[in-house]
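*Asks:* Data file start_14.txt (compact mmCIF, C-alpha atoms and all ligand atoms) is appended below.
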```txt
# COMPACT_ATOMS: atom_id res chain seq x y z
CA MET A 188 -28.97 13.84 -14.78
CA HIS A 189 -32.33 15.47 -14.29
CA LEU A 190 -34.91 12.73 -13.71
CA LYS A 191 -38.48 13.22 -14.84
CA ARG A 192 -41.52 11.20 -15.80
CA ILE A 193 -42.37 10.84 -19.46
CA ASN A 194 -45.91 10.66 -20.78
CA ILE A 195 -46.04 8.47 -23.89
CA GLY A 196 -49.55 8.80 -25.30
CA GLY A 197 -51.07 8.22 -21.87
CA VAL A 198 -48.50 5.69 -20.67
CA GLU A 199 -46.45 7.35 -17.95
CA THR A 200 -42.92 6.12 -17.24
CA PRO A 201 -41.47 6.52 -13.71
CA ASN A 202 -38.39 8.23 -15.13
CA ASN A 203 -36.50 9.12 -18.30
CA VAL A 204 -33.76 6.46 -18.21
CA PHE A 205 -34.76 3.90 -20.83
CA VAL A 206 -33.09 0.65 -21.87
CA ALA A 207 -32.85 0.00 -25.61
CA PRO A 208 -34.13 -2.99 -27.49
CA LEU A 209 -31.07 -5.24 -27.94
CA ALA A 210 -31.34 -8.34 -30.12
CA GLY A 211 -30.03 -11.40 -28.31
CA TYR A 212 -30.05 -9.67 -24.92
CA THR A 213 -33.22 -7.90 -23.77
CA ASN A 214 -35.18 -11.01 -22.88
CA SER A 215 -37.63 -10.88 -19.99
CA PRO A 216 -35.12 -11.84 -17.20
CA PHE A 217 -32.75 -9.07 -18.30
CA ARG A 218 -35.58 -6.54 -18.52
CA VAL A 219 -36.71 -7.50 -15.01
CA LEU A 220 -33.13 -6.93 -13.81
CA CYS A 221 -33.08 -3.51 -15.51
CA GLN A 222 -36.42 -2.60 -13.93
CA SER A 223 -35.23 -3.61 -10.48
CA LEU A 224 -32.29 -1.25 -11.05
CA GLY A 225 -34.73 1.59 -11.75
CA ALA A 226 -35.13 1.65 -15.55
CA GLY A 227 -38.07 3.81 -16.60
CA LEU A 228 -38.79 1.73 -19.69
CA THR A 229 -37.38 -1.43 -21.27
CA TYR A 230 -38.18 -3.02 -24.62
CA THR A 231 -38.18 -6.54 -26.01
CA GLU A 232 -35.64 -7.09 -28.73
CA MET A 233 -36.85 -6.48 -32.28
CA VAL A 234 -39.58 -8.87 -33.38
CA SER A 235 -40.63 -9.39 -36.99
CA ALA A 236 -44.19 -8.21 -37.67
CA LYS A 237 -44.42 -10.74 -40.48
CA GLY A 238 -42.98 -13.56 -38.34
CA LEU A 239 -45.58 -12.78 -35.72
CA CYS A 240 -48.41 -12.93 -38.27
CA TYR A 241 -47.14 -16.33 -39.45
CA GLY A 242 -47.04 -17.63 -35.87
CA SER A 243 -43.28 -18.30 -35.81
CA GLU A 244 -42.27 -20.15 -32.64
CA ASN A 245 -39.14 -18.06 -32.25
CA THR A 246 -41.30 -14.94 -32.19
CA SER A 247 -43.39 -16.23 -29.29
CA GLU A 248 -40.18 -16.86 -27.32
CA LEU A 249 -39.09 -13.27 -27.91
CA LEU A 250 -42.44 -12.00 -26.62
CA LYS A 251 -42.40 -14.14 -23.49
CA MET A 252 -42.75 -12.37 -20.14
CA THR A 253 -41.64 -14.17 -17.01
CA ASP A 254 -43.69 -14.29 -13.80
CA GLY A 255 -43.35 -11.18 -11.70
CA TYR A 256 -42.78 -8.98 -14.73
CA SER A 257 -44.00 -5.58 -13.66
CA GLY A 258 -43.73 -2.11 -15.05
CA ILE A 259 -44.63 -0.95 -18.53
CA LYS A 260 -44.56 -3.63 -21.18
CA ALA A 261 -43.04 -2.46 -24.44
CA VAL A 262 -42.45 -4.50 -27.58
CA GLN A 263 -40.37 -3.52 -30.59
CA LEU A 264 -41.61 -4.59 -34.01
CA PHE A 265 -39.89 -4.35 -37.35
CA GLY A 266 -41.33 -4.65 -40.82
CA SER A 267 -41.93 -2.82 -44.04
CA GLU A 268 -45.48 -3.78 -44.95
CA PRO A 269 -48.24 -1.76 -43.30
CA ASP A 270 -50.70 -4.65 -43.58
CA PHE A 271 -48.44 -6.99 -41.59
CA MET A 272 -47.71 -4.19 -39.12
CA ARG A 273 -51.43 -3.65 -38.53
CA ARG A 274 -52.09 -7.37 -38.13
CA ALA A 275 -49.12 -7.80 -35.81
CA ALA A 276 -50.01 -4.77 -33.69
CA THR A 277 -53.54 -6.04 -33.19
CA ASP A 278 -52.53 -9.71 -32.74
CA ARG A 279 -53.46 -11.55 -29.52
CA GLU A 280 -49.78 -12.04 -28.73
CA ILE A 281 -49.26 -8.28 -28.58
CA GLU A 282 -52.30 -7.69 -26.38
CA PRO A 283 -50.35 -7.85 -23.07
CA PHE A 284 -48.08 -5.00 -24.18
CA ASP A 285 -48.80 -1.36 -23.32
CA LEU A 286 -46.64 0.14 -26.00
CA ILE A 287 -45.29 -0.68 -29.46
CA ASP A 288 -42.00 0.66 -30.80
CA ILE A 289 -41.18 0.44 -34.49
CA ASN A 290 -37.59 -0.20 -35.50
CA MET A 291 -36.40 2.27 -38.13
CA GLY A 292 -32.71 2.10 -37.34
CA CYS A 293 -31.43 -1.43 -37.77
CA PRO A 294 -28.42 -1.32 -40.13
CA VAL A 295 -28.04 -5.09 -40.69
CA PRO A 296 -27.97 -5.88 -44.46
CA LYS A 297 -30.56 -8.69 -44.22
CA ILE A 298 -33.08 -6.28 -42.67
CA PHE A 299 -32.09 -3.29 -44.79
CA LYS A 300 -32.45 -5.23 -48.07
CA ASN A 301 -36.04 -6.06 -47.13
CA GLY A 302 -36.83 -2.38 -46.80
CA GLU A 303 -37.02 -2.74 -43.02
CA GLY A 304 -35.14 -1.02 -40.17
CA SER A 305 -32.95 1.85 -41.35
CA ALA A 306 -34.12 1.43 -44.98
CA LEU A 307 -37.26 3.29 -43.90
CA LEU A 308 -35.18 6.45 -43.47
CA ALA A 309 -35.23 6.68 -47.25
CA ASP A 310 -38.99 6.17 -47.49
CA ILE A 311 -40.72 8.60 -45.18
CA LYS A 312 -44.20 7.88 -46.58
CA LYS A 313 -43.82 4.15 -45.95
CA ALA A 314 -42.51 4.89 -42.46
CA GLN A 315 -45.58 7.00 -41.77
CA SER A 316 -47.93 4.31 -42.98
CA LEU A 317 -46.26 1.83 -40.61
CA VAL A 318 -46.90 4.16 -37.66
CA LYS A 319 -50.53 4.57 -38.69
CA ALA A 320 -50.85 0.79 -39.06
CA ALA A 321 -49.43 0.19 -35.55
CA LYS A 322 -51.81 2.82 -34.21
CA ALA A 323 -54.70 0.51 -35.16
CA SER A 324 -53.83 -1.25 -31.88
CA LYS A 325 -54.89 1.87 -29.94
CA LYS A 326 -51.69 1.47 -27.95
CA ALA A 327 -48.96 4.05 -27.48
CA VAL A 328 -46.63 3.89 -30.49
CA THR A 329 -43.00 5.00 -30.47
CA VAL A 330 -40.37 5.05 -33.22
CA LYS A 331 -36.63 4.48 -32.89
CA PHE A 332 -34.62 5.78 -35.81
CA ARG A 333 -31.18 6.93 -36.91
CA ILE A 334 -30.24 10.37 -38.18
CA GLY A 335 -29.82 9.18 -41.77
CA LEU A 336 -28.21 6.59 -43.99
CA THR A 337 -25.01 8.62 -44.42
CA GLU A 338 -23.74 12.01 -43.22
CA GLU A 339 -24.54 13.37 -46.70
CA LYS A 340 -28.18 12.36 -46.36
CA LEU A 341 -29.28 13.42 -42.89
CA VAL A 342 -33.03 13.22 -42.44
CA THR A 343 -33.47 13.76 -38.71
CA ARG A 344 -35.64 16.86 -38.64
CA ASP A 345 -37.99 15.86 -41.47
CA PHE A 346 -38.25 12.32 -40.19
CA ALA A 347 -39.04 13.44 -36.65
CA VAL A 348 -41.81 15.75 -37.88
CA ALA A 349 -43.19 13.05 -40.18
CA MET A 350 -43.34 10.53 -37.33
CA GLU A 351 -45.17 13.01 -35.11
CA ASP A 352 -47.60 13.83 -37.94
CA ALA A 353 -48.28 10.12 -38.46
CA GLY A 354 -49.26 9.73 -34.81
CA ALA A 355 -46.10 8.59 -32.99
CA ASP A 356 -46.28 9.30 -29.25
CA LEU A 357 -42.50 9.48 -28.72
CA ILE A 358 -39.38 9.20 -30.83
CA THR A 359 -35.95 7.90 -29.93
CA VAL A 360 -33.12 9.27 -32.03
CA HIS A 361 -29.93 7.22 -32.30
CA GLY A 362 -27.42 9.92 -33.20
CA ARG A 363 -25.48 7.91 -35.78
CA THR A 364 -25.95 7.24 -39.48
CA ARG A 365 -26.56 3.74 -40.80
CA ASP A 366 -23.08 3.43 -42.32
CA LYS A 367 -21.47 3.96 -38.91
CA ILE A 368 -23.27 0.87 -37.54
CA TYR A 369 -22.45 1.25 -33.81
CA SER A 370 -19.14 3.11 -33.96
CA GLY A 371 -18.14 6.72 -34.30
CA ASP A 372 -19.27 9.89 -32.62
CA VAL A 373 -22.86 10.60 -31.78
CA ASN A 374 -24.22 13.66 -33.57
CA TYR A 375 -25.74 15.70 -30.72
CA GLU A 376 -26.71 18.53 -33.05
CA GLN A 377 -29.02 16.32 -35.09
CA ILE A 378 -30.77 15.00 -31.98
CA ALA A 379 -31.21 18.61 -30.83
CA LYS A 380 -32.81 19.43 -34.19
CA ALA A 381 -35.34 16.65 -33.72
CA LYS A 382 -36.11 17.86 -30.21
CA ALA A 383 -36.66 21.41 -31.42
CA ALA A 384 -38.96 20.28 -34.24
CA VAL A 385 -41.58 18.22 -32.40
CA LYS A 386 -43.87 18.44 -29.37
CA ILE A 387 -43.82 14.71 -28.52
CA PRO A 388 -41.08 13.55 -26.13
CA VAL A 389 -37.66 12.88 -27.67
CA ILE A 390 -35.25 10.32 -26.23
CA ALA A 391 -31.57 10.53 -27.14
CA ASN A 392 -29.57 7.39 -27.80
CA GLY A 393 -25.93 6.60 -28.48
CA GLY A 394 -22.68 6.26 -26.61
CA VAL A 395 -23.81 6.40 -22.99
CA PHE A 396 -21.41 4.38 -20.85
CA SER A 397 -21.24 6.59 -17.75
CA ARG A 398 -23.11 9.26 -15.80
CA GLN A 399 -20.98 11.90 -17.54
CA ASP A 400 -22.01 10.56 -20.97
CA ALA A 401 -25.69 10.69 -19.97
CA ASP A 402 -25.38 14.26 -18.65
CA ARG A 403 -23.60 15.40 -21.78
CA LEU A 404 -26.09 13.76 -24.13
CA LEU A 405 -29.01 15.38 -22.33
CA ASN A 406 -27.38 18.78 -21.94
CA GLU A 407 -26.24 19.04 -25.54
CA THR A 408 -29.44 17.80 -27.15
CA GLY A 409 -32.13 19.10 -24.80
CA ALA A 410 -33.77 15.67 -25.13
CA ASP A 411 -36.31 14.50 -22.57
CA GLY A 412 -34.44 11.36 -21.64
CA VAL A 413 -31.69 8.91 -22.51
CA MET A 414 -31.78 5.40 -23.87
CA LEU A 415 -28.93 3.17 -22.73
CA ALA A 416 -27.78 0.30 -24.94
CA ARG A 417 -24.30 -1.26 -24.85
CA GLY A 418 -23.66 0.64 -21.63
CA VAL A 419 -26.11 -1.62 -19.78
CA LEU A 420 -24.78 -4.78 -21.37
CA TYR A 421 -21.35 -3.96 -19.91
CA ASN A 422 -22.74 -2.59 -16.67
CA PRO A 423 -26.45 -2.90 -15.89
CA PHE A 424 -25.78 -1.11 -12.58
CA LEU A 425 -25.31 2.11 -14.55
CA ILE A 426 -29.13 2.28 -14.51
CA ALA A 427 -29.11 2.36 -10.70
CA GLU A 428 -26.44 5.04 -10.74
CA LEU A 429 -28.47 7.26 -13.07
CA THR A 430 -31.78 6.70 -11.29
CA ASN A 431 -30.34 6.86 -7.75
CA THR A 432 -31.63 3.38 -6.99
CA PRO A 433 -29.92 1.73 -4.01
CA VAL A 434 -28.37 -1.68 -4.79
CA ALA A 435 -27.73 -3.92 -1.80
CA ASP A 436 -26.18 -6.96 -3.47
CA LYS A 437 -25.28 -7.02 -7.15
CA LYS A 438 -24.62 -10.75 -7.30
CA ARG A 439 -28.04 -11.58 -5.79
CA LEU A 440 -29.69 -9.57 -8.56
CA ILE A 441 -27.72 -11.42 -11.23
CA LEU A 442 -28.61 -14.70 -9.53
CA LYS A 443 -32.27 -13.76 -9.95
CA GLN A 444 -31.61 -13.14 -13.66
CA ILE A 445 -30.07 -16.61 -13.90
CA ASP A 446 -32.95 -18.27 -12.02
CA ASP A 447 -35.60 -16.42 -14.08
CA CYS A 448 -33.89 -17.53 -17.25
CA TYR A 449 -33.55 -21.23 -16.40
CA ASP A 450 -37.03 -21.38 -14.87
CA ASN A 451 -38.70 -19.97 -17.99
CA TYR A 452 -36.58 -20.82 -21.01
CA ASP A 453 -34.95 -23.80 -22.64
CA TYR A 454 -31.89 -25.07 -20.70
CA ARG A 455 -29.44 -24.73 -23.58
CA TYR A 456 -30.71 -21.29 -24.56
CA SER A 457 -30.33 -20.19 -20.92
CA THR A 458 -26.78 -21.50 -20.62
CA VAL A 459 -25.61 -19.93 -23.87
CA THR A 460 -27.33 -16.59 -23.22
CA LEU A 461 -26.20 -16.28 -19.61
CA ARG A 462 -22.59 -17.16 -20.43
CA LYS A 463 -22.63 -14.35 -22.98
CA MET A 464 -24.27 -11.85 -20.63
CA LEU A 465 -22.15 -12.60 -17.57
CA ALA A 466 -19.07 -12.27 -19.80
CA MET A 467 -20.23 -8.81 -20.85
CA TYR A 468 -20.63 -7.70 -17.22
CA LEU A 469 -16.87 -8.29 -16.81
CA LYS A 470 -15.91 -5.41 -19.08
CA GLY A 471 -13.01 -3.63 -17.43
CA ALA A 472 -12.39 -6.32 -14.77
CA HIS A 473 -8.66 -7.02 -14.38
CA ASN A 474 -9.09 -10.79 -14.79
CA ALA A 475 -11.80 -10.62 -17.48
CA THR A 476 -9.99 -12.75 -20.07
CA LYS A 477 -9.43 -15.65 -17.67
CA LEU A 478 -12.99 -15.50 -16.36
CA ARG A 479 -14.50 -15.33 -19.83
CA THR A 480 -12.61 -18.50 -20.74
CA SER A 481 -14.06 -20.19 -17.63
CA LEU A 482 -17.54 -18.92 -18.49
CA ILE A 483 -17.43 -20.27 -22.05
CA ALA A 484 -16.60 -23.69 -20.59
CA CYS A 485 -19.72 -23.69 -18.36
CA THR A 486 -22.32 -26.22 -19.48
CA SER A 487 -24.67 -26.15 -16.48
CA ARG A 488 -26.66 -23.79 -14.30
CA GLU A 489 -24.62 -24.83 -11.24
CA GLN A 490 -21.32 -24.01 -12.93
CA ILE A 491 -22.53 -20.55 -13.93
CA VAL A 492 -23.82 -19.80 -10.41
CA ASP A 493 -20.57 -21.07 -8.83
CA LEU A 494 -18.56 -18.83 -11.10
CA LEU A 495 -20.73 -15.80 -10.32
CA PHE A 496 -20.19 -16.32 -6.58
CA SER A 497 -16.47 -17.07 -6.85
CA ASP A 498 -14.23 -14.35 -5.41
CA ASP A 499 -12.67 -13.94 -8.84
CA TYR A 500 -15.92 -12.65 -10.39
CA THR A 501 -15.86 -8.98 -9.46
CA ILE A 502 -18.47 -6.55 -10.72
C1 LIG A 601 -26.05 -6.39 -29.88
C2 LIG A 601 -26.96 -5.27 -30.29
C3 LIG A 601 -28.29 -5.55 -30.57
C4 LIG A 601 -29.16 -4.52 -30.95
N1 LIG A 601 -30.47 -4.81 -31.20
C5 LIG A 601 -31.34 -3.81 -31.48
C6 LIG A 601 -32.73 -4.06 -31.66
O1 LIG A 601 -33.21 -5.21 -31.56
N2 LIG A 601 -33.53 -3.01 -31.96
C7 LIG A 601 -33.05 -1.72 -32.06
O2 LIG A 601 -33.81 -0.78 -32.30
N3 LIG A 601 -31.75 -1.46 -31.89
C8 LIG A 601 -30.89 -2.46 -31.59
N4 LIG A 601 -29.58 -2.17 -31.36
C9 LIG A 601 -29.13 -0.77 -31.35
C10 LIG A 601 -29.19 -0.19 -29.94
O3 LIG A 601 -30.51 -0.22 -29.45
C11 LIG A 601 -28.64 1.24 -29.87
O4 LIG A 601 -29.40 2.06 -30.72
C12 LIG A 601 -27.19 1.32 -30.29
O5 LIG A 601 -26.43 0.29 -29.69
C13 LIG A 601 -26.57 2.69 -29.94
O6 LIG A 601 -26.51 2.91 -28.56
P1 LIG A 601 -25.12 2.74 -27.73
O7 LIG A 601 -24.08 3.52 -28.47
O8 LIG A 601 -25.45 3.30 -26.38
O9 LIG A 601 -24.82 1.27 -27.70
C14 LIG A 601 -28.68 -3.18 -31.03
C15 LIG A 601 -27.35 -2.91 -30.75
C16 LIG A 601 -26.49 -3.93 -30.37
C17 LIG A 601 -25.05 -3.60 -30.05
```
Will you turn the file into structure tokens for me?

*Replies:*
Amino acid sequence: MHLKRINIGGVETPNNVFVAPLAGYTNSPFRVLCQSLGAGLTYTEMVSAKGLCYGSENTSELLKMTDGYSGIKAVQLFGSEPDFMRRAATDREIEPFDLIDINMGCPVPKIFKNGEGSALLADIKKAQSLVKAAKASKKAVTVKFRIGLTEEKLVTRDFAVAMEDAGADLITVHGRTRDKIYSGDVNYEQIAKAKAAVKIPVIANGGVFSRQDADRLLNETGADGVMLARGVLYNPFLIAELTNTPVADKKRLILKQIDDCYDNYDYRYSTVTLRKMLAMYLKGAHNATKLRTSLIACTSREQIVDLLFSDDYTI
């Protein structure tokens, strides 16, 4: 793929291979791993604007950045009330971040019913007021959205233009409708329509699991860059492949992820999260089922590290 820098309202990324916000996964140790593999931009997982305003402990954990965190710091917020969005965006806890993304794509019923995430696709005015509210932070503001709620109600072009008009510095278009959740084909044509309609950079998202997928998504949409999601959960080294970043020792990099996690987070959280993540990295491995069973049985840091360095664990 053609690599290029992206200017997001004055924040310049080293390249156009971004890693998506992924709830339950994109904690600081994983983002550091992605950055060491060459990712141009990574995001926290989605964080509730309201939760942040109420000082929820869970929210602070999601915003945590481990020592040695370098590169651009991007947080994703979700919410439906402009006042909470403004307060969250200007909160002390958000100060360390360079960039705020607003989630306008989450399909989960709990979020949708609150008028948050993908529900905003049906309320363009509200969506615009959320962008303006986040802009009170004076930070770069980006929006990640889907192409519509259903194929019968595609909103991509109008939504893209409305986000630009409201002050968004970049948009990411996930080329699926809400009802598809994460399955089904990605609609390249809709992403291309967004790209043709706005001057701000457009990042294309959906279904990138290989270099070929990335090339096709970029070629068919004309987008400025790609955002990888499940592809990096199965194989974070895809980032290095796309960004031509040399990788000397994959297991050493994963060991650093493990160490960063245990050194900065609760022991139980680290064990549970790392078991889940190391199991994902096994996608396609011939002995994946057996190894996943062994991983689930791990209850300590030592056991996880031993398993990673066993000859059986091939990545
Ligand atoms: C486990 C999981 C968690 C996700 N969490 C978020 C999130 O916090 N914020 C967000 O905007 N999208 C989230 N998404 C959506 C992804 O960022 C991405 O848009 C979607 O997976 C499509 O890309 P893909 O086909 O390459 O996986 C999540 C997806 C998955 C599978």

*Asks:* Would you please work out which residue, of A:Asn392, A:Asn474, A:Thr486, A:Thr277, is nearest to Asp498 of chain A when using all atoms listed in the file?

*Replies:*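 Nearest to Asp498 of chain A: A:Asn474.
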
*Asks:* Can you work out the spacing between atom CA of Asp453 of chain A and atom CA of Ala236 of chain A in Å, to one decimal?

*Replies:*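 Going from atom CA of Asp453 of chain A over to atom CA of Ala236 of chain A, I get 23.5 Å.
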
*Asks:* Let me have the centre and edge lengths of the axis-aligned box enclosing all listed atoms of ligand LIG 601 (chain A) with 6 Å padding on every side, in Å to one decimal, as AutoDock Vina command-line options.

*Replies:*
```
--center_x -28.9 --center_y -1.4 --center_z -29.3 --size_x 21.7 --size_y 21.9 --size_z 17.9
```

*Asks:* Can you pull out the residues contacting Glu428 of chain A? Cut-off 9 Å, using only C-alpha atoms, and skip same-chain residues under 4 positions away; I want them as a VMD selection string.

*Replies:* chain A and resid 224 397 to 398 424 432 to 433

*Asks:* For Ala207 of chain A, which residue out of A:Leu317, A:Ile334, A:Leu341, A:Leu415 is the nearest one, using all atoms listed in the file?

*Replies:*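 Smallest separation from Ala207 of chain A among the options: A:Leu415.
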
*Asks:* Would you please work out which residue, of A:Ala349, A:Ala427, A:Ile259, A:Ile390, is nearest to Val413 of chain A when using all atoms listed in the file?

*Replies:*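 Residue with the minimum atom-to-atom distance to Val413 of chain A: A:Ile390.
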
*Asks:* What gap, in Å, lies between atom CA of Gly225 of chain A and atom CA of Ala355 of chain A?

*Replies:*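 Spanning atom CA of Gly225 of chain A to atom CA of Ala355 of chain A is a straight-line distance of 25.1 Å.
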
*Asks:* Tell me which protein, DNA and RNA residues are within 7 Å of Pro201 of chain A, counting only C-alpha atoms, leaving out same-chain ones fewer than 2 positions away, and put them as a list of chain:residue names.

*Replies:*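 Final neighbour list, sorted by chain and number: A:Arg192, A:Glu199, A:Gly227.
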
*Asks:* Just to confirm, what's the straight-line distance from atom CA of Ser497 of chain A to atom CA of Ser481 of chain A in Å (one decimal)?

*Replies:* 11.5 Å

*Asks:* Closest to Ile491 of chain A among A:Val459, A:Gly409, A:Met467, A:Thr476, using all atoms listed in the file?

*Replies:*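 With all atoms listed in the file as the atom set, the closest residue is A:Val459.
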
*Asks:* Taking (-29.7, -10.3, -13.2) in the file's coordinates, which residues come within 8 Å, counting all atoms listed in the file, written as a PyMOL selection string?

*Replies:* chain A and resi 216-217+219-221+438-445

*Asks:* So, with only C-alpha atoms and all ligand atoms as the atoms that count, which of A:Asn290, A:Thr246, A:Thr364, A:Ser487 lies closest to ligand LIG 601 (chain A)?

*Replies:*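 Closest to ligand LIG 601 (chain A), using only C-alpha atoms and all ligand atoms: A:Asn290.
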
*Asks:* Would you mind listing what lies within 12 Å of Lys325 of chain A as a VMD selection string, with only C-alpha atoms counted and same-chain residues fewer than 4 positions away left out?

*Replies:* chain A and resid 196 to 198 273 276 to 277 281 to 282 284 to 287 318 to 321 354 to 356

*Asks:* Give as a PyMOL selection string every residue, naming chains and numbers as the document does, that has an atom within 7 Å of (-37.7, 6.7, -16.0), counting all atoms listed in the file.

*Replies:* chain A and resi 191-192+200-205+226-228
